[in-house]
$ cat start-v2.tsv   # TSV, C-alpha atoms
chain	number	residue	atom	x	y	z
A	110	MET	CA	70.01	4.24	-44.22
A	111	LEU	CA	66.32	3.76	-43.85
A	112	ASP	CA	64.17	6.84	-43.64
A	113	PRO	CA	62.33	7.24	-40.33
A	114	VAL	CA	58.75	6.18	-40.50
A	115	PRO	CA	56.56	9.29	-40.09
A	116	ARG	CA	53.93	9.20	-37.41
A	117	PRO	CA	50.42	9.13	-38.75
A	118	ALA	CA	48.76	12.54	-38.82
A	119	SER	CA	45.69	10.99	-37.31
A	120	GLY	CA	47.47	10.58	-33.95
A	121	LEU	CA	47.03	14.23	-33.06
A	122	ALA	CA	43.38	14.13	-34.09
A	123	VAL	CA	42.80	11.09	-31.91
A	124	ARG	CA	44.39	12.78	-28.89
A	125	CYS	CA	42.34	15.93	-29.46
A	126	ALA	CA	39.17	13.89	-29.75
A	127	ARG	CA	39.96	12.06	-26.52
A	128	ALA	CA	40.56	15.35	-24.74
A	129	LEU	CA	37.36	16.87	-26.06
A	130	PHE	CA	35.26	13.87	-25.05
A	131	SER	CA	36.97	13.21	-21.74
A	132	PRO	CA	34.78	13.11	-18.60
A	133	TRP	CA	35.99	16.50	-17.36
A	134	SER	CA	35.50	18.15	-20.75
A	135	ARG	CA	31.95	16.86	-20.88
A	136	LEU	CA	31.35	18.02	-17.31
A	137	SER	CA	32.66	21.48	-18.22
A	138	LEU	CA	30.21	21.57	-21.12
A	139	LEU	CA	27.36	20.61	-18.78
A	140	VAL	CA	28.32	23.33	-16.29
A	141	ALA	CA	28.48	25.91	-19.09
A	142	MET	CA	25.05	24.85	-20.39
A	143	LEU	CA	23.48	25.01	-16.93
A	144	ALA	CA	25.04	28.38	-16.21
A	145	ALA	CA	23.73	29.74	-19.52
A	146	ALA	CA	20.27	28.36	-18.75
A	147	ALA	CA	20.27	29.95	-15.30
A	148	VAL	CA	21.35	33.33	-16.67
A	149	THR	CA	18.64	33.13	-19.35
A	150	VAL	CA	15.99	32.46	-16.71
A	151	VAL	CA	17.15	35.39	-14.58
A	152	LEU	CA	17.32	37.83	-17.49
A	153	TYR	CA	14.30	36.87	-19.57
A	154	GLU	CA	11.97	35.13	-17.05
A	155	PRO	CA	10.49	32.71	-19.61
A	156	GLN	CA	7.84	31.59	-17.12
A	157	ARG	CA	6.03	34.85	-17.81
A	158	LEU	CA	5.77	33.98	-21.49
A	159	LEU	CA	3.85	30.84	-20.56
A	160	SER	CA	1.15	32.86	-18.82
A	161	ALA	CA	0.87	36.53	-19.75
A	162	GLY	CA	2.65	36.20	-23.09
A	163	TRP	CA	0.91	33.03	-24.32
A	164	PRO	CA	-0.19	33.49	-27.97
A	165	PRO	CA	-3.96	34.06	-27.94
A	166	GLN	CA	-4.47	32.29	-31.27
A	167	LEU	CA	-3.33	28.98	-29.79
A	168	SER	CA	-6.06	26.92	-28.21
A	169	GLY	CA	-7.25	23.38	-27.77
A	170	ALA	CA	-5.06	20.29	-27.81
A	171	ALA	CA	-2.27	21.99	-29.77
A	172	ALA	CA	-1.91	24.62	-27.06
A	173	VAL	CA	-1.81	21.98	-24.33
A	174	VAL	CA	0.89	20.01	-26.18
A	175	LEU	CA	2.96	23.11	-26.94
A	176	PHE	CA	2.72	24.26	-23.35
A	177	GLY	CA	3.93	20.84	-22.17
A	178	VAL	CA	6.98	21.05	-24.44
A	179	ALA	CA	7.75	24.59	-23.30
A	180	TYR	CA	7.21	23.49	-19.69
A	181	GLY	CA	9.78	20.72	-20.09
A	182	ALA	CA	12.37	23.05	-21.62
A	183	CYS	CA	11.81	25.66	-18.91
A	184	THR	CA	12.06	23.06	-16.15
A	185	ALA	CA	15.40	21.85	-17.53
A	186	ALA	CA	16.50	25.51	-17.46
A	187	PHE	CA	15.71	25.84	-13.72
A	188	VAL	CA	12.39	27.67	-13.98
A	189	PRO	CA	10.56	26.79	-10.72
A	190	ARG	CA	7.86	24.19	-11.31
A	191	PRO	CA	5.31	25.77	-8.93
A	192	LEU	CA	5.17	28.85	-11.18
A	193	LEU	CA	4.70	26.68	-14.25
A	194	ASN	CA	2.02	24.60	-12.56
A	195	LEU	CA	0.10	27.72	-11.53
A	196	ALA	CA	0.35	29.00	-15.10
A	197	ALA	CA	-0.93	25.67	-16.47
A	198	GLY	CA	-3.99	25.84	-14.23
A	199	ALA	CA	-4.66	29.48	-15.06
A	200	LEU	CA	-4.42	28.88	-18.82
A	201	PHE	CA	-6.10	25.50	-19.30
A	202	GLY	CA	-8.06	24.72	-16.16
A	203	SER	CA	-7.61	21.81	-13.81
A	204	GLN	CA	-7.83	18.79	-16.12
A	205	ALA	CA	-6.00	19.93	-19.27
A	206	GLY	CA	-3.56	21.93	-17.15
A	207	LEU	CA	-2.67	18.86	-15.11
A	208	VAL	CA	-2.08	16.75	-18.23
A	209	SER	CA	0.15	19.41	-19.77
A	210	ALA	CA	2.07	20.04	-16.53
A	211	LEU	CA	2.70	16.34	-15.88
A	212	ALA	CA	3.88	15.78	-19.44
A	213	GLY	CA	6.21	18.75	-19.12
A	214	THR	CA	7.46	17.49	-15.76
A	215	VAL	CA	8.45	14.10	-17.19
A	216	LEU	CA	9.94	15.71	-20.29
A	217	GLY	CA	12.01	18.20	-18.29
A	218	ALA	CA	13.18	15.49	-15.90
A	219	GLY	CA	14.17	13.31	-18.85
A	220	ILE	CA	16.16	16.13	-20.44
A	221	SER	CA	18.02	16.86	-17.20
A	222	PHE	CA	18.64	13.16	-16.51
A	223	THR	CA	20.02	12.61	-20.01
A	224	LEU	CA	22.33	15.60	-19.81
A	225	GLY	CA	23.58	14.57	-16.40
A	226	ARG	CA	24.09	10.95	-17.41
A	227	LEU	CA	25.93	11.70	-20.66
A	228	LEU	CA	27.96	14.72	-19.57
A	229	GLY	CA	28.43	14.46	-15.83
A	230	GLN	CA	28.28	10.91	-14.52
A	231	ASP	CA	31.76	9.73	-15.52
A	232	ALA	CA	33.46	12.75	-13.95
A	233	LEU	CA	31.36	13.00	-10.79
A	234	ARG	CA	31.06	9.38	-9.67
A	235	PRO	CA	34.72	9.16	-8.53
A	236	LEU	CA	34.05	12.18	-6.30
A	237	LEU	CA	31.32	10.44	-4.26
A	238	ARG	CA	33.47	9.98	-1.17
A	239	GLY	CA	31.63	11.71	1.64
A	240	ARG	CA	29.33	9.78	3.97
A	241	TRP	CA	26.21	11.64	2.92
A	242	LEU	CA	27.07	11.42	-0.78
A	243	LYS	CA	27.74	7.70	-0.58
A	244	ALA	CA	24.53	7.11	1.34
A	245	ALA	CA	22.48	9.08	-1.19
A	246	ASP	CA	24.15	7.31	-4.11
A	247	THR	CA	23.55	3.88	-2.60
A	248	GLN	CA	19.91	4.69	-1.92
A	249	LEU	CA	19.29	5.96	-5.44
A	250	SER	CA	21.25	3.17	-7.12
A	251	THR	CA	19.74	0.23	-5.23
A	252	HIS	CA	16.24	1.55	-4.52
A	253	GLY	CA	15.83	3.93	-7.42
A	254	PHE	CA	12.09	3.84	-8.01
A	255	ARG	CA	11.15	3.94	-4.33
A	256	SER	CA	13.63	6.69	-3.51
A	257	MET	CA	12.65	8.90	-6.43
A	258	LEU	CA	8.96	8.35	-5.74
A	259	ALA	CA	9.48	9.59	-2.18
A	260	LEU	CA	11.40	12.64	-3.41
A	261	ARG	CA	8.59	13.54	-5.79
A	262	LEU	CA	5.80	12.96	-3.27
A	263	PHE	CA	7.54	15.05	-0.59
A	264	PRO	CA	9.39	17.71	-2.62
A	265	GLY	CA	11.97	18.80	-0.09
A	266	VAL	CA	14.78	18.46	-2.64
A	267	PRO	CA	14.69	20.91	-5.58
A	268	PHE	CA	13.43	19.29	-8.77
A	269	ALA	CA	16.56	19.96	-10.83
A	270	ALA	CA	18.89	18.81	-8.04
A	271	ALA	CA	17.02	15.50	-7.74
A	272	ASN	CA	17.27	14.99	-11.51
A	273	TYR	CA	21.03	15.46	-11.64
A	274	CYS	CA	21.66	13.42	-8.49
A	275	ALA	CA	19.70	10.56	-10.03
A	276	ALA	CA	21.68	10.92	-13.25
A	277	VAL	CA	25.00	10.60	-11.42
A	278	SER	CA	23.77	7.47	-9.62
A	279	ARG	CA	23.22	4.13	-11.34
A	280	MET	CA	19.45	4.47	-11.47
A	281	GLY	CA	17.83	3.38	-14.72
A	282	TYR	CA	15.82	5.61	-17.04
A	283	LEU	CA	12.54	3.74	-16.71
A	284	PRO	CA	12.36	3.72	-12.88
A	285	PHE	CA	13.35	7.38	-12.86
A	286	LEU	CA	10.69	8.48	-15.34
A	287	LEU	CA	7.95	6.31	-13.84
A	288	ALA	CA	8.65	7.51	-10.32
A	289	THR	CA	8.75	11.10	-11.54
A	290	GLY	CA	5.43	10.82	-13.35
A	291	LEU	CA	3.59	9.04	-10.54
A	292	GLY	CA	5.14	10.90	-7.63
A	293	SER	CA	4.57	14.32	-9.17
A	294	ILE	CA	0.81	13.89	-9.58
A	295	PRO	CA	-0.40	15.04	-6.11
A	296	ASN	CA	1.76	18.13	-5.74
A	297	THR	CA	1.38	19.15	-9.38
A	298	ALA	CA	-2.39	18.74	-9.17
A	299	ALA	CA	-2.53	20.94	-6.08
A	300	TYR	CA	-0.69	23.79	-7.79
A	301	VAL	CA	-2.68	23.43	-11.01
A	302	VAL	CA	-5.97	23.54	-9.11
A	303	ALA	CA	-4.75	26.55	-7.15
A	304	GLY	CA	-3.88	28.28	-10.41
A	305	SER	CA	-7.22	27.48	-12.00
A	306	ARG	CA	-9.14	28.77	-8.95
A	307	ALA	CA	-6.93	31.75	-8.18
A	308	GLY	CA	-9.76	34.06	-9.10
A	309	SER	CA	-11.88	32.67	-6.24
A	310	PRO	CA	-9.46	32.29	-3.30
A	311	THR	CA	-12.27	31.45	-0.86
A	312	SER	CA	-13.52	28.46	-2.86
A	313	PRO	CA	-13.18	25.00	-1.26
A	314	ALA	CA	-11.03	23.70	-4.13
A	315	PHE	CA	-8.53	26.54	-3.75
A	316	LEU	CA	-8.34	26.20	0.01
A	317	ILE	CA	-7.88	22.42	-0.17
A	318	ALA	CA	-5.13	22.81	-2.76
A	319	ILE	CA	-3.28	25.39	-0.67
A	320	GLY	CA	-3.70	23.26	2.44
A	321	PHE	CA	-2.25	20.24	0.65
A	322	ILE	CA	0.75	22.27	-0.53
A	323	VAL	CA	1.44	23.51	3.00
A	324	VAL	CA	1.06	20.04	4.56
A	325	THR	CA	3.35	18.32	2.05
A	326	GLY	CA	5.92	21.10	2.46
A	327	LEU	CA	5.95	20.65	6.23
A	328	ALA	CA	6.12	16.87	5.85
A	329	ALA	CA	9.09	17.21	3.52
A	330	GLY	CA	10.85	19.41	6.08
A	331	VAL	CA	10.24	16.90	8.87
A	332	ILE	CA	11.45	13.97	6.76
A	333	ALA	CA	14.60	15.87	5.73
A	334	TRP	CA	15.34	16.78	9.35
A	335	ARG	CA	14.91	13.17	10.53
A	336	ARG	CA	17.15	11.79	7.78
A	337	ARG	CA	19.81	14.35	8.53
A	338	HIS	CA	19.63	13.53	12.24
A	339	ARG	CA	19.85	9.81	11.47
A	340	LEU	CA	22.91	10.27	9.26
A	341	ARG	CA	24.63	12.29	11.96
A	342	GLY	CA	23.97	9.50	14.40
A	343	HIS	CA	25.79	6.94	12.29
$ encode --input "start-v2.tsv" --output "structure tokens"
Amino acid sequence: MLDPVPRPASGLAVRCARALFSPWSRLSLLVAMLAAAAVTVVLYEPQRLLSAGWPPQLSGAAAVVLFGVAYGACTAAFVPRPLLNLAAGALFGSQAGLVSALAGTVLGAGISFTLGRLLGQDALRPLLRGRWLKAADTQLSTHGFRSMLALRLFPGVPFAAANYCAAVSRMGYLPFLLATGLGSIPNTAAYVVAGSRAGSPTSPAFLIAIGFIVVTGLAAGVIAWRRRHRLRGH
């Protein structure tokens, strides 16, 4: 009789590889990474290192570039951008601080978008069944640049949440990054100016910056309320 043909040993390896790289496995990895980042922020407060703990021997363009890289990493780890923007203004002044903060904003958004797209999109897209979720996904997928630009100009949605929502949608990288860079300029500039003039809180520049922050915050609240009311009406 013929001997049975043995199954190739590679079959088990293939099945294990498929399980490891399945959508839900990748989503679990993303959740674990985000949870670890959040715990790190709570325990170590890295935003303080960017201001009080900044190495004094670093200065000039190298310091601005290094701060931008650290800003991007901290943003991807859920450190609030207003704190980072204030620190940028306090350390480098209005102009260099704005350049560093904007570069860090785009970098952090790109990191979050890439992680969400690679690790979360395949598992989360089938779950977009609710009316609000479908409406948000359609808006981001079909009008990506315009929608993201509005979210950045009127920051009612948390920065990290907007990044991961965009990653789950079908928005492209280029519209996302362009809208993030352009739309973040006004609000980022206001915080950077406020940080650079914090020592003189009665100066016109400081008061204008604070006024702009308050006005855009109120506008974001009004826009969010109107959209929510409109969705309920449908």
$ closest_residue --input "start-v2.tsv" --among "A:Met142, A:Leu216, A:Leu258, A:Ala172" --to "Leu200 (chain A)" --atoms "only C-alpha atoms"
A:Ala172
$ atom_distance --input "start-v2.tsv" --atom1 "CA of Ala218 (chain A)" --atom2 "CA of Trp334 (chain A)"
25.4 Å
$ closest_atom_pairs --input "start-v2.tsv" --of "region 136-255 of chain A" --to "region 280-304 of chain A" --cutoff "10 Å" --atoms "only C-alpha atoms" --output "JSON lines"
{"residue": "A:Arg190", "atom": "CA", "partner": "A:Thr297", "partner_atom": "CA", "distance": 8.4}
{"residue": "A:Pro191", "atom": "CA", "partner": "A:Tyr300", "partner_atom": "CA", "distance": 6.4}
{"residue": "A:Leu192", "atom": "CA", "partner": "A:Tyr300", "partner_atom": "CA", "distance": 8.5}
{"residue": "A:Leu193", "atom": "CA", "partner": "A:Val301", "partner_atom": "CA", "distance": 8.7}
{"residue": "A:Asn194", "atom": "CA", "partner": "A:Val301", "partner_atom": "CA", "distance": 5.1}
{"residue": "A:Leu195", "atom": "CA", "partner": "A:Gly304", "partner_atom": "CA", "distance": 4.2}
{"residue": "A:Ala196", "atom": "CA", "partner": "A:Gly304", "partner_atom": "CA", "distance": 6.4}
{"residue": "A:Ala197", "atom": "CA", "partner": "A:Val301", "partner_atom": "CA", "distance": 6.2}
{"residue": "A:Gly198", "atom": "CA", "partner": "A:Val301", "partner_atom": "CA", "distance": 4.2}
{"residue": "A:Ala199", "atom": "CA", "partner": "A:Gly304", "partner_atom": "CA", "distance": 4.9}
{"residue": "A:Leu200", "atom": "CA", "partner": "A:Gly304", "partner_atom": "CA", "distance": 8.4}
{"residue": "A:Phe201", "atom": "CA", "partner": "A:Val301", "partner_atom": "CA", "distance": 9.2}
{"residue": "A:Gly202", "atom": "CA", "partner": "A:Val302", "partner_atom": "CA", "distance": 7.4}
{"residue": "A:Ser203", "atom": "CA", "partner": "A:Val302", "partner_atom": "CA", "distance": 5.3}
{"residue": "A:Gln204", "atom": "CA", "partner": "A:Val301", "partner_atom": "CA", "distance": 8.6}
{"residue": "A:Ala205", "atom": "CA", "partner": "A:Val301", "partner_atom": "CA", "distance": 9.6}
{"residue": "A:Gly206", "atom": "CA", "partner": "A:Val301", "partner_atom": "CA", "distance": 6.4}
{"residue": "A:Leu207", "atom": "CA", "partner": "A:Ala298", "partner_atom": "CA", "distance": 5.9}
{"residue": "A:Val208", "atom": "CA", "partner": "A:Ala298", "partner_atom": "CA", "distance": 9.3}
{"residue": "A:Ala210", "atom": "CA", "partner": "A:Thr297", "partner_atom": "CA", "distance": 7.2}
{"residue": "A:Leu211", "atom": "CA", "partner": "A:Gly290", "partner_atom": "CA", "distance": 6.7}
{"residue": "A:Ala212", "atom": "CA", "partner": "A:Gly290", "partner_atom": "CA", "distance": 8.0}
{"residue": "A:Gly213", "atom": "CA", "partner": "A:Gly290", "partner_atom": "CA", "distance": 9.8}
{"residue": "A:Thr214", "atom": "CA", "partner": "A:Gly290", "partner_atom": "CA", "distance": 7.4}
{"residue": "A:Val215", "atom": "CA", "partner": "A:Gly290", "partner_atom": "CA", "distance": 5.9}
{"residue": "A:Leu216", "atom": "CA", "partner": "A:Leu286", "partner_atom": "CA", "distance": 8.8}
{"residue": "A:Ala218", "atom": "CA", "partner": "A:Leu286", "partner_atom": "CA", "distance": 7.5}
{"residue": "A:Gly219", "atom": "CA", "partner": "A:Leu286", "partner_atom": "CA", "distance": 6.9}
{"residue": "A:Phe222", "atom": "CA", "partner": "A:Tyr282", "partner_atom": "CA", "distance": 8.1}
{"residue": "A:Thr223", "atom": "CA", "partner": "A:Tyr282", "partner_atom": "CA", "distance": 8.7}
{"residue": "A:Arg226", "atom": "CA", "partner": "A:Tyr282", "partner_atom": "CA", "distance": 9.9}
{"residue": "A:Asp246", "atom": "CA", "partner": "A:Met280", "partner_atom": "CA", "distance": 9.2}
{"residue": "A:Thr247", "atom": "CA", "partner": "A:Met280", "partner_atom": "CA", "distance": 9.8}
{"residue": "A:Gln248", "atom": "CA", "partner": "A:Met280", "partner_atom": "CA", "distance": 9.6}
{"residue": "A:Leu249", "atom": "CA", "partner": "A:Met280", "partner_atom": "CA", "distance": 6.2}
{"residue": "A:Ser250", "atom": "CA", "partner": "A:Met280", "partner_atom": "CA", "distance": 4.9}
{"residue": "A:Thr251", "atom": "CA", "partner": "A:Met280", "partner_atom": "CA", "distance": 7.5}
{"residue": "A:His252", "atom": "CA", "partner": "A:Met280", "partner_atom": "CA", "distance": 8.2}
{"residue": "A:Gly253", "atom": "CA", "partner": "A:Met280", "partner_atom": "CA", "distance": 5.5}
{"residue": "A:Phe254", "atom": "CA", "partner": "A:Pro284", "partner_atom": "CA", "distance": 4.9}
{"residue": "A:Arg255", "atom": "CA", "partner": "A:Ala288", "partner_atom": "CA", "distance": 7.4}
$ atom_distance --input "start-v2.tsv" --atom1 "CA of Ser134 (chain A)" --atom2 "CA of Ala146 (chain A)"
18.4 Å
$ closest_residue --input "start-v2.tsv" --among "A:Leu167, A:Ala144, A:Ala245, A:Val178" --to "Val277 (chain A)" --atoms "all atoms listed in the file"
A:Ala245
$ atom_distance --input "start-v2.tsv" --atom1 "CA of Thr325 (chain A)" --atom2 "CA of Pro267 (chain A)"
13.9 Å
